[in-house]
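The block underneath contains the structure these notes are about, expressed in structure tokens.
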Amino acid sequence: MQWTQYIDAYCERSGPEYWAEPVNAVTNAAFLIAALIMWRRVQGPRMGLAQALCVILGLIGVGSYLFHTHAVVWAAVADTTPIAAYVLLYIFAANRDFRGMSGLWAFVATLLFFPFAYVLMPMFEALPVLGVSAAYLPVPAMIALYAIALRKRLPRVSTGLAIGVVILMVSLTMRSVDARVCTTLPLGTHFLWHILNAVMLGWMIEVYRRHVEAQQG
């Protein structure tokens, strides 16, 4: 693997220069804003996982900023690693606190996301338009399954998760159509993926926060 290999993946990028994607780079501030807002809302008992999610949310913004400025392989890794960490930690939190599993079984169940994603990926890759975002599509699929599974026992959590799915699907659509609109919209639509994704990830922390607070009450 060549860590400094140049990557030209988005409509806005016009060359290898640091500021070749200014809008894509700057809109990563949305992740930092969402992380800060939610950090202030999760300062209470039993909020350790929520606080960890806020930290990772901030790191998503940093990693994505690095990728949209440096545009090389190591920056792409810095971009995707915090996203994977957020997804896995949220699944663990959902297993433990939404589904009532012990820490050990919540961890084991979290690992099932890997075969789940592996099985679904070929189907998602074949989708028109959204196929370019196939690596992300198992996430809304899993959230939707949790929303369905919890609809009777935890209806408010189920509704919150369903809202998250809707926001994420709109966000993924903006990510997926970026290359298709270059001829008519040179700026592209990837920056909307950043903004909507920041809203969605912050909202998911809020869903978790409300549940933890309700359990304490």
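Residues in the structure tokens are numbered from 1 in each chain, the chains being A, B, ... in the order shown, and ligands are numbered from 1 in the order shown.
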
Exercise. What lies within 6 Å of region 145-152 of chain A using only C-alpha atoms, ignoring chain neighbours under 3 positions off, as a PyMOL selection string?
Worked result: chain A and resi 142+155+158+161-162

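Residues in contact range of Ala71 (chain A), defined as at most 12 Å between only C-alpha atoms, with sequence neighbours fewer than 6 positions away removed, read Trp3, Thr4, Gln5, Tyr6, Ile7, Asp8, Ala9, Tyr10, Arg13, Ser14, Gly15, Pro16, Glu17, Tyr18, Trp19, Ala20, Glu21, Asn24, Ala25, Gly63, Ser64, Tyr65, Val77, Ala78 and Asp79 of chain A.
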
Exercise. Can you tell me, as a VMD selection string, what residues are no more than 9 Å from Asp97 (chain A) when counting only C-alpha atoms, ignoring any on the same chain fewer than 5 positions away?
Worked result: chain A and resid 92 102 208 211 to 212

Requested write-out: C-alpha atoms of the selected residues, as a PDB file, in the first residue's frame:
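The new file part_3.pdb reads:
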```pdb
ATOM      1  CA  PHE A  92     -22.597  -2.176  21.215  1.00  0.00           C
ATOM      2  CA  SER A 102     -24.774  -8.076  29.213  1.00  0.00           C
ATOM      3  CA  TYR A 208     -29.376   7.070  23.074  1.00  0.00           C
ATOM      4  CA  HIS A 211     -33.242   6.385  26.474  1.00  0.00           C
ATOM      5  CA  VAL A 212     -30.571   6.356  29.192  1.00  0.00           C
TER       6      VAL A 212
END
```

Exercise. Which residue, A:Leu187, A:Leu192, A:Val72, A:Ala141, has the smallest gap to Phe124 (chain A) when you use only C-alpha atoms?
Worked result: A:Ala141

Problem set entry | Counting only C-alpha atoms, the option among A:Pro128, A:Ala198, A:Val166, A:Arg175 closest to Asn28 (chain A) |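 The closest residue to Asn28 (chain A) is A:Ala198.
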
For this session: May I ask which of the residues A:Leu66, A:Ile205, A:Ala29, A:Ile143 is the closest one to Met47 (chain A), counting only C-alpha atoms?
Result: A:Ile205

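With only C-alpha atoms taken into account, the protein and nucleic acid residues at most 12 Å from Gln216 (chain A) (excluding it and anything under 6 positions from it in its own chain) are Gly44, Pro45, Arg46, Met47, Asp97, Arg209 and Arg210 of chain A.
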
Generate a file of the selected residues that holds all heavy atoms, formatted as a tab-separated table (two decimals), in the first residue's frame.
```tsv
chain	number	residue	atom	x	y	z
A	44	GLY	N	-23.87	13.48	32.35
A	44	GLY	CA	-24.68	12.93	33.41
A	44	GLY	C	-24.28	11.51	33.70
A	44	GLY	O	-23.40	10.94	33.05
A	45	PRO	N	-24.92	10.89	34.69
A	45	PRO	CA	-24.59	9.50	35.04
A	45	PRO	C	-24.93	8.53	33.91
A	45	PRO	O	-25.88	8.76	33.16
A	45	PRO	CB	-25.46	9.24	36.29
A	45	PRO	CG	-26.55	10.26	36.22
A	45	PRO	CD	-25.96	11.45	35.56
A	46	ARG	N	-24.13	7.50	33.80
A	46	ARG	CA	-24.30	6.43	32.80
A	46	ARG	C	-24.21	6.96	31.36
A	46	ARG	O	-24.78	6.37	30.44
A	46	ARG	CB	-25.64	5.71	33.00
A	46	ARG	CG	-25.74	4.93	34.30
A	46	ARG	CD	-27.04	4.15	34.35
A	46	ARG	NE	-27.14	3.26	33.19
A	46	ARG	CZ	-28.31	2.81	32.69
A	46	ARG	NH1	-29.45	3.21	33.22
A	46	ARG	NH2	-28.31	1.99	31.66
A	47	MET	N	-23.50	8.04	31.18
A	47	MET	CA	-23.36	8.62	29.84
A	47	MET	C	-21.97	8.39	29.26
A	47	MET	O	-21.59	9.06	28.30
A	47	MET	CB	-23.67	10.12	29.87
A	47	MET	CG	-25.14	10.45	30.12
A	47	MET	SD	-26.18	9.95	28.73
A	47	MET	CE	-27.80	10.47	29.35
A	97	ASP	N	-27.90	-1.41	25.94
A	97	ASP	CA	-28.87	-0.55	26.61
A	97	ASP	C	-30.26	-0.55	25.98
A	97	ASP	O	-31.24	-0.29	26.67
A	97	ASP	CB	-28.32	0.88	26.67
A	97	ASP	CG	-27.07	0.96	27.53
A	97	ASP	OD1	-27.14	0.59	28.70
A	97	ASP	OD2	-26.02	1.38	27.01
A	209	ARG	N	-29.16	9.11	24.38
A	209	ARG	CA	-29.21	9.91	25.61
A	209	ARG	C	-30.60	9.90	26.22
A	209	ARG	O	-30.76	9.73	27.44
A	209	ARG	CB	-28.79	11.35	25.30
A	209	ARG	CG	-28.74	12.27	26.53
A	209	ARG	CD	-28.70	13.74	26.13
A	209	ARG	NE	-29.97	14.18	25.57
A	209	ARG	CZ	-31.03	14.51	26.33
A	209	ARG	NH1	-30.97	14.46	27.64
A	209	ARG	NH2	-32.15	14.91	25.74
A	210	ARG	N	-31.62	10.10	25.39
A	210	ARG	CA	-32.99	10.12	25.91
A	210	ARG	C	-33.36	8.79	26.55
A	210	ARG	O	-34.05	8.75	27.57
A	210	ARG	CB	-33.95	10.46	24.78
A	210	ARG	CG	-33.83	11.88	24.26
A	210	ARG	CD	-34.82	12.15	23.13
A	210	ARG	NE	-34.65	13.49	22.58
A	210	ARG	CZ	-35.40	13.99	21.61
A	210	ARG	NH1	-36.37	13.27	21.08
A	210	ARG	NH2	-35.18	15.22	21.15
```

For this session: Tell me, in Å to one decimal, how far CA of Ala109 (chain A) is from CA of Asn95 (chain A).
Result: 7.2 Å

Exercise. Which one is closest to Thr184 (chain A): A:Val132, A:Met101, A:Ala52, A:Cys11? Count only C-alpha atoms.
Worked result: A:Cys11

For this session: Tell me, in Å to one decimal, how far CA of Ile167 (chain A) is from CA of Gly202 (chain A).
Result: 11.2 Å

For this session: Identify which of the residues A:Met204, A:Ala179, A:Phe113, A:Leu168 lies closest to Leu57 (chain A), counting only C-alpha atoms when measuring atom-to-atom distances.
Result: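 Residue with the minimum atom-to-atom distance to Leu57 (chain A): A:Met204.
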
For this session: Rounded to one decimal place, report the CA of Leu172 (chain A)-CA of Thr80 (chain A) distance in Å.
Result: 14.8 Å

For this session: Any chance you could list, as a ChimeraX atom specification, the residues in region 14-163 of chain A that come up alpha helix (DSSP H) when DSSP is run on the backbone?
Result: /A:22-26,29-41,48-70,73-93,103-111,113-125,138-149,155-163
